[in-house]
Number of protein chains: 2
Amino acid sequence: MIIEEAIQQKKFKSEFEKLVVNIIYTSRWLEYEEGKLFRKYDLTLPQYNLLRILRGQYPKAASVNLLIERMLDKSSNASRIVETLRKKGLVDRKACKADRRKVDVIINKKGLEVLEEANHDMAELHKDHQKALTTKEAEQLNNLLDKLRTIE
Amino acid sequence: MIIEEAIQQKKFKSEFEKLVVNIIYTSRWLEYEEGKLFRKYDLTLPQYNLLRILRGQYPKAASVNLLIERMLDKSSNASRIVETLRKKGLVDRKACKADRRKVDVIINKKGLEVLEEANHDMAELHKDHQKALTTKEAEQLNNLLDKLRTIE
DNA sequence: TGTAATATAATGTAGCTACATATATTTGCA
DNA sequence: TGCAAATATATGTAGCTACATTATATTACA
């Protein structure tokens with residue numbers, strides 16, 4: 001469905017106004033698609049992303065600061081998401097000995113298992129995307145999105 | 001900044017995995033840029049979008065259902081956002097006479113004024129985007145995003 | 001060395017989404 | 001007509017972002 005139909009807006013002032021709406025709308029659509037998948041594992045998107053970052057560090061610990069730097073939402077409150085994951089028994093958290101301001105967060109065995117399972121389903125989702133776009137088109141999209149953000 | 005640097009992830013499994021992250025990240029970036037703008041007017045993105053839909057209907061009333069259909073987040077709770085806007089004195093709400101289940105929501109004078117001002121700043125933001133991409137590239141991006149969503 | 005500046009993490013608040021559920025009204029049809 | 005199904009909206013809950021503030025630990029340097 002083209003964006004005009006999707007949100008029932010007949011026309012946009014410019015191709016750029018339309019682009020902003022289109023990117024946000026497509027992001028929401030992707031997040032919803034992924035969200036359906038995560039709910040199976042009682043995870044949210046930010047929780048899944050945090051687990052992925054932690055697995056990237058495994059078996060080293062990550063500080064909350066490191067997590068924030070690598071998250072998609074920089075100002076999301078990593079502390080609270082870590083706490084949620086800890087309550088679910090997917091990560092361990094303890095004070096950092098070298099710098100007592102810091103906290104060492106490590107994904108544990110259960111966390112790695114859940115992540116592994118979710119990743120399988122995620123790979124399936126990406127296969128669906130491959131039906132819609134060729135690799136070349138996906139590349140082109142990636143490059144254009146990167147280019148848009150050069151004004152930052 | 002390319003997406004790999006932005007979230008400090010060295011490589012992705014595929015161009016498609018990268019694309020999902022890139023779209024969500026770019027959306028967050030746009031929302032943040034727009035958000036800075038809205039905060040000047042004590043508005044949030046959903047509130048701004050709702051006001052725009054209401055102006056599209058003006059001087060006719062919109063039902064909550066119509067608002068939901070046209071919002072970027074279909075399952076956002078339009079009722080509550082309308083209530084927030086009403087508290088801020090930007091919209092009026094009254095029971096619909098023809099169908100008493102429905103509610104008539106109309107943007108008022110103050111709402112139209114605030115929207116007008118915010119739109120000015122928004123136009124400036126779009127000018128910045130034009131520095132990053134040509135109209136042709138924006139078009140290309142729009143088409144690729146629409147194509148990605150054809151699997152829905 | 002002592003103190004101010006900085007860094008790290010946690011927490012409080014408003015508003016948001018996603019989902020489930022509740023309530024009231026209208027419609028469909030046996 | 002009467003009642004079940006459908007429709008429209010509101011509300012409760014968990015978890016989220018954005019922002020401001022706080023608490024604590026470390027660093028810089030006069």
# chains A, B, ... in the order shown; residues from 1 in each chain; ligands from 1
$ residues_around --residues "DG15 of chain D" --least-positions-apart "2" --cutoff "10 Å" --atoms "only C-alpha atoms (C1' of nucleotides)" --output "MDAnalysis selection string"
(chainID A and resid 44 80:81 84) or (chainID C and resid 17:18) or (chainID D and resid 13)
$ closest_atom_pairs --of "chain D" --to "chain A" --cutoff "7 Å" --atoms "only C-alpha atoms (C1' of nucleotides)" --output "CSV"
residue,atom,partner,partner_atom,distance
D:DT17,C1',A:Ser76,CA,5.7
D:DT24,C1',A:Arg101,CA,6.9
D:DA25,C1',A:Arg101,CA,5.3
$ interface_residues --of "chain A" --to "chain B" --cutoff "9 Å" --atoms "only C-alpha atoms" --output "PyMOL selection string"
chain A and resi 1-3+6-9+14-31+53+69-73+122-123+126-133+135-152
$ calpha_fit_and_write --fixed "chain A" --moving "chain B" --output "short mmCIF file (atom, residue, chain, number, x, y, z; two decimals) with N, CA and C atoms, in the first residue's frame"
data_model
loop_
_atom_site.label_atom_id
_atom_site.label_comp_id
_atom_site.auth_asym_id
_atom_site.auth_seq_id
_atom_site.Cartn_x
_atom_site.Cartn_y
_atom_site.Cartn_z
N MET B 1 0.85 -1.22 -0.02
CA MET B 1 0.00 -0.03 0.00
C MET B 1 0.87 1.24 0.02
N ILE B 2 0.63 2.13 -0.94
CA ILE B 2 1.44 3.35 -0.94
C ILE B 2 1.04 4.22 0.25
N ILE B 3 1.95 5.09 0.62
CA ILE B 3 1.76 5.85 1.86
C ILE B 3 0.49 6.70 1.84
N GLU B 4 0.13 7.24 0.70
CA GLU B 4 -1.08 8.07 0.62
C GLU B 4 -2.33 7.28 1.03
N GLU B 5 -2.39 6.02 0.57
CA GLU B 5 -3.53 5.18 0.94
C GLU B 5 -3.46 4.77 2.40
N ALA B 6 -2.24 4.43 2.83
CA ALA B 6 -2.06 3.89 4.18
C ALA B 6 -2.61 4.85 5.23
N ILE B 7 -2.36 6.13 5.05
CA ILE B 7 -2.87 7.08 6.05
C ILE B 7 -3.95 7.97 5.46
N GLN B 8 -4.43 7.60 4.28
CA GLN B 8 -5.56 8.29 3.65
C GLN B 8 -5.36 9.79 3.53
N GLN B 9 -4.15 10.14 3.13
CA GLN B 9 -3.89 11.57 2.91
C GLN B 9 -3.68 11.74 1.41
N LYS B 10 -4.43 12.61 0.82
CA LYS B 10 -4.43 12.68 -0.64
C LYS B 10 -3.12 13.16 -1.22
N LYS B 11 -2.62 14.27 -0.69
CA LYS B 11 -1.35 14.70 -1.23
C LYS B 11 -0.51 15.43 -0.17
N PHE B 12 0.77 15.46 -0.42
CA PHE B 12 1.69 16.12 0.50
C PHE B 12 2.21 17.38 -0.16
N LYS B 13 2.66 18.31 0.65
CA LYS B 13 3.16 19.58 0.12
C LYS B 13 4.39 19.36 -0.74
N SER B 14 5.23 18.41 -0.34
CA SER B 14 6.45 18.16 -1.12
C SER B 14 6.86 16.71 -0.94
N GLU B 15 7.79 16.30 -1.78
CA GLU B 15 8.31 14.93 -1.71
C GLU B 15 9.02 14.72 -0.37
N PHE B 16 9.48 15.80 0.24
CA PHE B 16 10.22 15.71 1.50
C PHE B 16 9.29 15.56 2.70
N GLU B 17 8.17 16.28 2.62
CA GLU B 17 7.18 16.13 3.69
C GLU B 17 6.67 14.69 3.68
N LYS B 18 6.42 14.19 2.48
CA LYS B 18 5.95 12.81 2.32
C LYS B 18 6.99 11.83 2.85
N LEU B 19 8.26 12.13 2.60
CA LEU B 19 9.33 11.24 3.01
C LEU B 19 9.38 11.07 4.53
N VAL B 20 9.24 12.18 5.24
CA VAL B 20 9.26 12.12 6.70
C VAL B 20 8.15 11.21 7.21
N VAL B 21 6.95 11.42 6.69
CA VAL B 21 5.81 10.61 7.10
C VAL B 21 6.04 9.14 6.72
N ASN B 22 6.56 8.94 5.53
CA ASN B 22 6.77 7.58 5.02
C ASN B 22 7.79 6.81 5.87
N ILE B 23 8.86 7.47 6.25
CA ILE B 23 9.88 6.79 7.06
C ILE B 23 9.32 6.44 8.43
N ILE B 24 8.62 7.39 9.06
CA ILE B 24 8.07 7.12 10.38
C ILE B 24 7.00 6.03 10.30
N TYR B 25 6.16 6.11 9.28
CA TYR B 25 5.12 5.10 9.11
C TYR B 25 5.72 3.71 8.88
N THR B 26 6.74 3.65 8.02
CA THR B 26 7.37 2.35 7.72
C THR B 26 8.06 1.79 8.95
N SER B 27 8.67 2.68 9.73
CA SER B 27 9.30 2.25 10.98
C SER B 27 8.28 1.63 11.91
N ARG B 28 7.14 2.30 12.06
CA ARG B 28 6.07 1.78 12.92
C ARG B 28 5.60 0.41 12.42
N TRP B 29 5.51 0.30 11.11
CA TRP B 29 5.06 -0.95 10.51
C TRP B 29 6.06 -2.08 10.81
N LEU B 30 7.33 -1.78 10.64
CA LEU B 30 8.37 -2.77 10.94
C LEU B 30 8.35 -3.14 12.42
N GLU B 31 8.24 -2.12 13.27
CA GLU B 31 8.24 -2.37 14.71
C GLU B 31 7.05 -3.23 15.10
N TYR B 32 5.93 -3.00 14.43
CA TYR B 32 4.75 -3.80 14.72
C TYR B 32 4.98 -5.26 14.31
N GLU B 33 5.55 -5.43 13.10
CA GLU B 33 5.84 -6.78 12.60
C GLU B 33 6.80 -7.51 13.56
N GLU B 34 7.84 -6.80 13.96
CA GLU B 34 8.81 -7.39 14.88
C GLU B 34 8.18 -7.61 16.25
N GLY B 35 7.35 -6.65 16.64
CA GLY B 35 6.72 -6.72 17.95
C GLY B 35 5.90 -7.99 18.12
N LYS B 36 5.15 -8.35 17.07
CA LYS B 36 4.35 -9.58 17.12
C LYS B 36 5.25 -10.77 17.46
N LEU B 37 6.43 -10.74 16.85
CA LEU B 37 7.40 -11.81 17.03
C LEU B 37 7.93 -11.83 18.47
N PHE B 38 8.27 -10.65 18.99
CA PHE B 38 8.85 -10.59 20.33
C PHE B 38 7.86 -11.00 21.40
N ARG B 39 6.61 -10.65 21.17
CA ARG B 39 5.61 -10.97 22.19
C ARG B 39 5.57 -12.47 22.47
N LYS B 40 5.86 -13.27 21.47
CA LYS B 40 5.93 -14.71 21.66
C LYS B 40 6.91 -15.07 22.77
N TYR B 41 7.96 -14.27 22.89
CA TYR B 41 9.01 -14.55 23.88
C TYR B 41 8.92 -13.61 25.09
N ASP B 42 7.79 -12.91 25.19
CA ASP B 42 7.60 -11.96 26.29
C ASP B 42 8.73 -10.93 26.32
N LEU B 43 9.10 -10.47 25.12
CA LEU B 43 10.13 -9.43 25.00
C LEU B 43 9.55 -8.23 24.26
N THR B 44 10.14 -7.06 24.48
CA THR B 44 9.80 -5.89 23.67
C THR B 44 11.01 -5.60 22.77
N LEU B 45 10.83 -4.72 21.80
CA LEU B 45 11.93 -4.39 20.90
C LEU B 45 13.16 -3.85 21.64
N PRO B 46 12.98 -2.88 22.54
CA PRO B 46 14.16 -2.40 23.28
C PRO B 46 14.84 -3.50 24.08
N GLN B 47 14.04 -4.39 24.65
CA GLN B 47 14.62 -5.49 25.43
C GLN B 47 15.42 -6.42 24.53
N TYR B 48 14.87 -6.74 23.38
CA TYR B 48 15.56 -7.60 22.42
C TYR B 48 16.87 -6.95 21.97
N ASN B 49 16.81 -5.68 21.65
CA ASN B 49 18.02 -4.98 21.20
C ASN B 49 19.09 -4.95 22.29
N LEU B 50 18.65 -4.75 23.53
CA LEU B 50 19.60 -4.74 24.63
C LEU B 50 20.25 -6.10 24.77
N LEU B 51 19.47 -7.15 24.66
CA LEU B 51 20.02 -8.50 24.76
C LEU B 51 21.05 -8.74 23.64
N ARG B 52 20.75 -8.23 22.45
CA ARG B 52 21.69 -8.39 21.34
C ARG B 52 23.02 -7.68 21.60
N ILE B 53 22.93 -6.49 22.17
CA ILE B 53 24.15 -5.76 22.49
C ILE B 53 24.95 -6.53 23.55
N LEU B 54 24.21 -7.06 24.54
CA LEU B 54 24.88 -7.80 25.61
C LEU B 54 25.54 -9.07 25.08
N ARG B 55 24.88 -9.71 24.11
CA ARG B 55 25.49 -10.92 23.53
C ARG B 55 26.75 -10.55 22.75
N GLY B 56 26.72 -9.36 22.14
CA GLY B 56 27.90 -8.88 21.41
C GLY B 56 29.10 -8.73 22.34
N GLN B 57 28.85 -8.44 23.60
CA GLN B 57 29.92 -8.23 24.58
C GLN B 57 30.31 -9.54 25.28
N TYR B 58 29.36 -10.47 25.32
CA TYR B 58 29.52 -11.70 26.08
C TYR B 58 30.83 -12.40 25.74
N PRO B 59 31.58 -12.93 26.71
CA PRO B 59 31.25 -12.99 28.15
C PRO B 59 31.70 -11.78 28.94
N LYS B 60 32.12 -10.72 28.26
CA LYS B 60 32.45 -9.50 28.99
C LYS B 60 31.18 -8.83 29.48
N ALA B 61 31.31 -7.98 30.51
CA ALA B 61 30.17 -7.22 31.00
C ALA B 61 30.06 -5.92 30.21
N ALA B 62 28.87 -5.37 30.16
CA ALA B 62 28.66 -4.05 29.55
C ALA B 62 28.24 -3.09 30.65
N SER B 63 28.69 -1.84 30.57
CA SER B 63 28.20 -0.81 31.49
C SER B 63 26.91 -0.26 30.91
N VAL B 64 26.14 0.40 31.75
CA VAL B 64 24.89 1.01 31.27
C VAL B 64 25.20 2.04 30.18
N ASN B 65 26.28 2.74 30.35
CA ASN B 65 26.70 3.74 29.36
C ASN B 65 26.94 3.14 27.98
N LEU B 66 27.63 2.00 27.97
CA LEU B 66 27.88 1.33 26.70
C LEU B 66 26.56 0.94 26.05
N LEU B 67 25.61 0.49 26.85
CA LEU B 67 24.31 0.10 26.32
C LEU B 67 23.62 1.30 25.67
N ILE B 68 23.64 2.43 26.38
CA ILE B 68 22.99 3.63 25.86
C ILE B 68 23.59 4.03 24.51
N GLU B 69 24.92 4.01 24.44
CA GLU B 69 25.60 4.41 23.21
C GLU B 69 25.14 3.59 22.01
N ARG B 70 24.88 2.32 22.25
CA ARG B 70 24.59 1.43 21.12
C ARG B 70 23.11 1.20 20.87
N MET B 71 22.27 1.75 21.72
CA MET B 71 20.85 1.56 21.52
C MET B 71 20.32 2.45 20.40
N LEU B 72 19.19 2.05 19.83
CA LEU B 72 18.58 2.85 18.77
C LEU B 72 18.01 4.14 19.35
N ASP B 73 17.46 4.05 20.54
CA ASP B 73 16.96 5.24 21.21
C ASP B 73 17.96 5.65 22.26
N LYS B 74 18.76 6.66 21.94
CA LYS B 74 19.84 7.04 22.84
C LYS B 74 19.35 7.44 24.22
N SER B 75 18.20 8.07 24.27
CA SER B 75 17.79 8.58 25.57
C SER B 75 16.79 7.67 26.27
N SER B 76 16.64 6.48 25.75
CA SER B 76 15.79 5.55 26.49
C SER B 76 16.53 5.23 27.78
N ASN B 77 15.81 4.91 28.78
CA ASN B 77 16.46 4.72 30.09
C ASN B 77 16.92 3.30 30.24
N ALA B 78 18.15 3.09 29.82
CA ALA B 78 18.73 1.76 29.82
C ALA B 78 18.65 1.11 31.22
N SER B 79 18.86 1.90 32.25
CA SER B 79 18.78 1.36 33.62
C SER B 79 17.50 0.59 33.85
N ARG B 80 16.41 1.19 33.44
CA ARG B 80 15.11 0.58 33.71
C ARG B 80 14.87 -0.65 32.85
N ILE B 81 15.39 -0.63 31.62
CA ILE B 81 15.21 -1.79 30.76
C ILE B 81 16.05 -2.95 31.29
N VAL B 82 17.25 -2.64 31.77
CA VAL B 82 18.10 -3.66 32.39
C VAL B 82 17.37 -4.27 33.59
N GLU B 83 16.74 -3.41 34.37
CA GLU B 83 16.03 -3.88 35.56
C GLU B 83 14.88 -4.81 35.16
N THR B 84 14.17 -4.47 34.09
CA THR B 84 13.08 -5.33 33.61
C THR B 84 13.63 -6.69 33.19
N LEU B 85 14.76 -6.67 32.45
CA LEU B 85 15.36 -7.92 31.99
C LEU B 85 15.87 -8.75 33.17
N ARG B 86 16.37 -8.05 34.20
CA ARG B 86 16.86 -8.76 35.37
C ARG B 86 15.71 -9.46 36.11
N LYS B 87 14.57 -8.75 36.21
CA LYS B 87 13.39 -9.34 36.84
C LYS B 87 12.94 -10.58 36.09
N LYS B 88 13.10 -10.55 34.77
CA LYS B 88 12.71 -11.69 33.94
C LYS B 88 13.76 -12.80 33.97
N GLY B 89 14.88 -12.53 34.65
CA GLY B 89 15.92 -13.55 34.79
C GLY B 89 16.77 -13.77 33.56
N LEU B 90 16.89 -12.74 32.71
CA LEU B 90 17.64 -12.89 31.47
C LEU B 90 19.04 -12.27 31.53
N VAL B 91 19.25 -11.38 32.49
CA VAL B 91 20.58 -10.77 32.64
C VAL B 91 20.96 -10.73 34.12
N ASP B 92 22.27 -10.62 34.35
CA ASP B 92 22.77 -10.43 35.71
C ASP B 92 23.37 -9.05 35.81
N ARG B 93 23.28 -8.47 36.99
CA ARG B 93 23.79 -7.13 37.19
C ARG B 93 24.52 -7.07 38.52
N LYS B 94 25.75 -6.51 38.49
CA LYS B 94 26.43 -6.32 39.76
C LYS B 94 27.33 -5.08 39.68
N ALA B 95 27.64 -4.55 40.83
CA ALA B 95 28.48 -3.35 40.87
C ALA B 95 29.84 -3.66 40.26
N CYS B 96 30.38 -2.68 39.54
CA CYS B 96 31.68 -2.84 38.91
C CYS B 96 32.76 -2.57 39.95
N LYS B 97 33.72 -3.49 40.05
CA LYS B 97 34.73 -3.34 41.10
C LYS B 97 35.71 -2.22 40.80
N ALA B 98 36.10 -2.09 39.52
CA ALA B 98 37.10 -1.10 39.12
C ALA B 98 36.59 0.33 39.28
N ASP B 99 35.31 0.54 39.01
CA ASP B 99 34.73 1.88 39.12
C ASP B 99 33.35 1.73 39.74
N ARG B 100 33.25 2.13 41.00
CA ARG B 100 32.03 1.80 41.73
C ARG B 100 30.81 2.62 41.31
N ARG B 101 31.03 3.60 40.40
CA ARG B 101 29.86 4.28 39.84
C ARG B 101 29.18 3.37 38.83
N LYS B 102 29.98 2.53 38.21
CA LYS B 102 29.48 1.70 37.11
C LYS B 102 28.79 0.43 37.57
N VAL B 103 28.09 -0.15 36.62
CA VAL B 103 27.37 -1.39 36.86
C VAL B 103 27.75 -2.37 35.76
N ASP B 104 28.05 -3.60 36.13
CA ASP B 104 28.36 -4.63 35.13
C ASP B 104 27.09 -5.39 34.80
N VAL B 105 26.72 -5.35 33.53
CA VAL B 105 25.54 -6.07 33.09
C VAL B 105 25.99 -7.18 32.15
N ILE B 106 25.55 -8.41 32.42
CA ILE B 106 25.92 -9.56 31.59
C ILE B 106 24.69 -10.39 31.26
N ILE B 107 24.57 -10.77 30.00
CA ILE B 107 23.49 -11.67 29.60
C ILE B 107 23.81 -13.05 30.18
N ASN B 108 22.79 -13.74 30.70
CA ASN B 108 23.05 -15.06 31.28
C ASN B 108 22.58 -16.18 30.35
N LYS B 109 22.66 -17.41 30.84
CA LYS B 109 22.36 -18.57 30.00
C LYS B 109 20.94 -18.50 29.45
N LYS B 110 20.00 -18.21 30.34
CA LYS B 110 18.60 -18.14 29.91
C LYS B 110 18.41 -17.04 28.86
N GLY B 111 19.08 -15.90 29.09
CA GLY B 111 19.00 -14.79 28.14
C GLY B 111 19.51 -15.19 26.77
N LEU B 112 20.63 -15.90 26.75
CA LEU B 112 21.22 -16.34 25.48
C LEU B 112 20.28 -17.30 24.75
N GLU B 113 19.62 -18.16 25.53
CA GLU B 113 18.70 -19.12 24.92
C GLU B 113 17.49 -18.43 24.29
N VAL B 114 16.89 -17.52 25.04
CA VAL B 114 15.72 -16.79 24.53
C VAL B 114 16.09 -16.01 23.27
N LEU B 115 17.25 -15.36 23.31
CA LEU B 115 17.71 -14.57 22.17
C LEU B 115 17.90 -15.45 20.94
N GLU B 116 18.49 -16.61 21.17
CA GLU B 116 18.73 -17.56 20.07
C GLU B 116 17.41 -17.93 19.37
N GLU B 117 16.42 -18.24 20.18
CA GLU B 117 15.11 -18.61 19.62
C GLU B 117 14.49 -17.46 18.84
N ALA B 118 14.51 -16.27 19.45
CA ALA B 118 13.91 -15.10 18.81
C ALA B 118 14.61 -14.79 17.49
N ASN B 119 15.91 -15.00 17.47
CA ASN B 119 16.69 -14.73 16.26
C ASN B 119 16.26 -15.61 15.09
N HIS B 120 15.89 -16.84 15.40
CA HIS B 120 15.40 -17.72 14.34
C HIS B 120 14.20 -17.11 13.64
N ASP B 121 13.22 -16.69 14.46
CA ASP B 121 12.01 -16.09 13.89
C ASP B 121 12.34 -14.82 13.14
N MET B 122 13.30 -14.07 13.65
CA MET B 122 13.68 -12.81 13.02
C MET B 122 14.25 -13.07 11.63
N ALA B 123 15.02 -14.13 11.52
CA ALA B 123 15.60 -14.46 10.21
C ALA B 123 14.49 -14.75 9.20
N GLU B 124 13.41 -15.38 9.67
CA GLU B 124 12.26 -15.65 8.79
C GLU B 124 11.64 -14.35 8.30
N LEU B 125 11.54 -13.40 9.22
CA LEU B 125 10.96 -12.10 8.88
C LEU B 125 11.79 -11.42 7.80
N HIS B 126 13.11 -11.53 7.93
CA HIS B 126 13.98 -10.90 6.93
C HIS B 126 13.84 -11.59 5.58
N LYS B 127 13.53 -12.88 5.62
CA LYS B 127 13.29 -13.58 4.34
C LYS B 127 12.08 -12.99 3.63
N ASP B 128 11.05 -12.62 4.43
CA ASP B 128 9.87 -11.98 3.83
C ASP B 128 10.25 -10.66 3.16
N HIS B 129 11.14 -9.92 3.82
CA HIS B 129 11.55 -8.64 3.24
C HIS B 129 12.25 -8.85 1.91
N GLN B 130 12.95 -9.98 1.81
CA GLN B 130 13.67 -10.26 0.57
C GLN B 130 12.72 -10.55 -0.58
N LYS B 131 11.48 -10.89 -0.23
CA LYS B 131 10.50 -11.10 -1.31
C LYS B 131 10.08 -9.75 -1.90
N ALA B 132 10.14 -8.71 -1.06
CA ALA B 132 9.66 -7.40 -1.50
C ALA B 132 10.74 -6.62 -2.25
N LEU B 133 11.97 -6.74 -1.80
CA LEU B 133 13.06 -5.95 -2.38
C LEU B 133 14.23 -6.85 -2.78
N THR B 134 14.96 -6.44 -3.81
CA THR B 134 16.20 -7.12 -4.13
C THR B 134 17.29 -6.60 -3.20
N THR B 135 18.40 -7.34 -3.12
CA THR B 135 19.50 -6.89 -2.27
C THR B 135 20.00 -5.52 -2.73
N LYS B 136 20.02 -5.33 -4.04
CA LYS B 136 20.47 -4.06 -4.60
C LYS B 136 19.56 -2.91 -4.14
N GLU B 137 18.26 -3.18 -4.13
CA GLU B 137 17.31 -2.14 -3.69
C GLU B 137 17.47 -1.85 -2.19
N ALA B 138 17.70 -2.91 -1.42
CA ALA B 138 17.91 -2.73 0.02
C ALA B 138 19.16 -1.87 0.26
N GLU B 139 20.19 -2.15 -0.53
CA GLU B 139 21.43 -1.37 -0.45
C GLU B 139 21.19 0.09 -0.76
N GLN B 140 20.44 0.29 -1.83
CA GLN B 140 20.10 1.64 -2.28
C GLN B 140 19.35 2.39 -1.16
N LEU B 141 18.39 1.70 -0.56
CA LEU B 141 17.62 2.28 0.54
C LEU B 141 18.54 2.65 1.70
N ASN B 142 19.41 1.72 2.06
CA ASN B 142 20.35 2.00 3.15
C ASN B 142 21.19 3.24 2.86
N ASN B 143 21.67 3.34 1.64
CA ASN B 143 22.51 4.48 1.28
C ASN B 143 21.75 5.80 1.31
N LEU B 144 20.51 5.77 0.83
CA LEU B 144 19.71 7.00 0.82
C LEU B 144 19.36 7.44 2.24
N LEU B 145 19.07 6.48 3.10
CA LEU B 145 18.75 6.82 4.49
C LEU B 145 19.98 7.43 5.17
N ASP B 146 21.15 6.81 4.93
CA ASP B 146 22.38 7.35 5.51
C ASP B 146 22.62 8.77 5.00
N LYS B 147 22.33 8.97 3.72
CA LYS B 147 22.55 10.29 3.11
C LYS B 147 21.62 11.35 3.70
N LEU B 148 20.38 10.95 3.93
CA LEU B 148 19.41 11.88 4.53
C LEU B 148 19.91 12.40 5.87
N ARG B 149 20.52 11.51 6.62
CA ARG B 149 20.95 11.88 7.97
C ARG B 149 22.27 12.64 7.99
N THR B 150 22.83 12.97 6.82
CA THR B 150 24.11 13.69 6.82
C THR B 150 23.97 15.10 7.34
N ILE B 151 22.70 15.63 7.40
CA ILE B 151 22.55 17.01 7.86
C ILE B 151 22.70 17.15 9.36
N GLU B 152 22.80 16.02 10.04
CA GLU B 152 22.86 16.12 11.52
C GLU B 152 24.16 16.77 11.99
#
$ atom_distance --atom1 "atom C1' of DT11 of chain D" --atom2 "atom C1' of DA22 of chain C"
7.7 Å
$ atom_distance --atom1 "atom C1' of DA5 of chain D" --atom2 "atom C1' of DA24 of chain C"
14.3 Å
$ interface_residues --of "chain C" --to "chain A" --cutoff "10 Å" --atoms "only C-alpha atoms (C1' of nucleotides)" --output "short mmCIF file (atom, residue, chain, number, x, y, z; two decimals) with N, CA and C atoms (P, O5', C5', C4', C3', O3' and C1' of nucleotides), in the first residue's frame"
data_model
loop_
_atom_site.label_atom_id
_atom_site.label_comp_id
_atom_site.auth_asym_id
_atom_site.auth_seq_id
_atom_site.Cartn_x
_atom_site.Cartn_y
_atom_site.Cartn_z
P DA C 7 32.84 14.41 31.65
"O5'" DA C 7 32.48 13.14 32.53
"C5'" DA C 7 33.54 12.41 33.13
"C4'" DA C 7 32.96 11.17 33.78
"C3'" DA C 7 31.93 10.44 32.92
"O3'" DA C 7 32.24 9.06 33.03
"C1'" DA C 7 30.97 11.01 35.02
P DT C 8 31.44 7.97 32.14
"O5'" DT C 8 30.38 7.44 33.21
"C5'" DT C 8 30.84 6.63 34.29
"C4'" DT C 8 29.64 6.25 35.13
"C3'" DT C 8 28.48 5.65 34.33
"O3'" DT C 8 28.36 4.30 34.73
"C1'" DT C 8 27.74 7.24 35.94
P DA C 9 27.30 3.31 33.99
"O5'" DA C 9 26.02 3.52 34.91
"C5'" DA C 9 26.14 3.17 36.29
"C4'" DA C 9 24.95 3.68 37.07
"C3'" DA C 9 23.59 3.17 36.60
"O3'" DA C 9 23.11 2.31 37.62
"C1'" DA C 9 23.55 5.50 37.15
P DA C 10 21.65 1.65 37.57
"O5'" DA C 10 20.75 2.72 38.35
"C5'" DA C 10 21.08 3.01 39.69
"C4'" DA C 10 20.08 4.01 40.25
"C3'" DA C 10 18.61 3.60 40.09
"O3'" DA C 10 17.99 3.84 41.33
"C1'" DA C 10 18.96 5.78 39.23
P DT C 11 16.49 3.44 41.67
"O5'" DT C 11 15.68 4.80 41.42
"C5'" DT C 11 16.00 5.93 42.22
"C4'" DT C 11 15.13 7.09 41.83
"C3'" DT C 11 13.66 6.75 41.55
"O3'" DT C 11 12.88 7.79 42.13
"C1'" DT C 11 14.52 7.95 39.77
P DA C 18 1.91 0.60 18.77
"O5'" DA C 18 1.51 -0.52 19.82
"C5'" DA C 18 2.54 -1.24 20.46
"C4'" DA C 18 1.90 -2.26 21.39
"C3'" DA C 18 0.72 -3.02 20.77
"O3'" DA C 18 0.96 -4.40 20.97
"C1'" DA C 18 0.10 -2.11 22.86
#
$ select_by_dssp --residues "chain A" --states "alpha helix (DSSP H)" --output "ChimeraX atom specification"
/A:3-6,15-39,45-57,64-70,78-87,109-132,135-148
$ atom_distance --atom1 "atom C1' of DT22 of chain D" --atom2 "atom C1' of DT6 of chain C"
15.2 Å
$ residues_around --residues "DA6 of chain D" --least-positions-apart "4" --cutoff "10 Å" --atoms "only C-alpha atoms (C1' of nucleotides)" --output "list of chain:residue names"
C:DT26, C:DT27, C:DG28
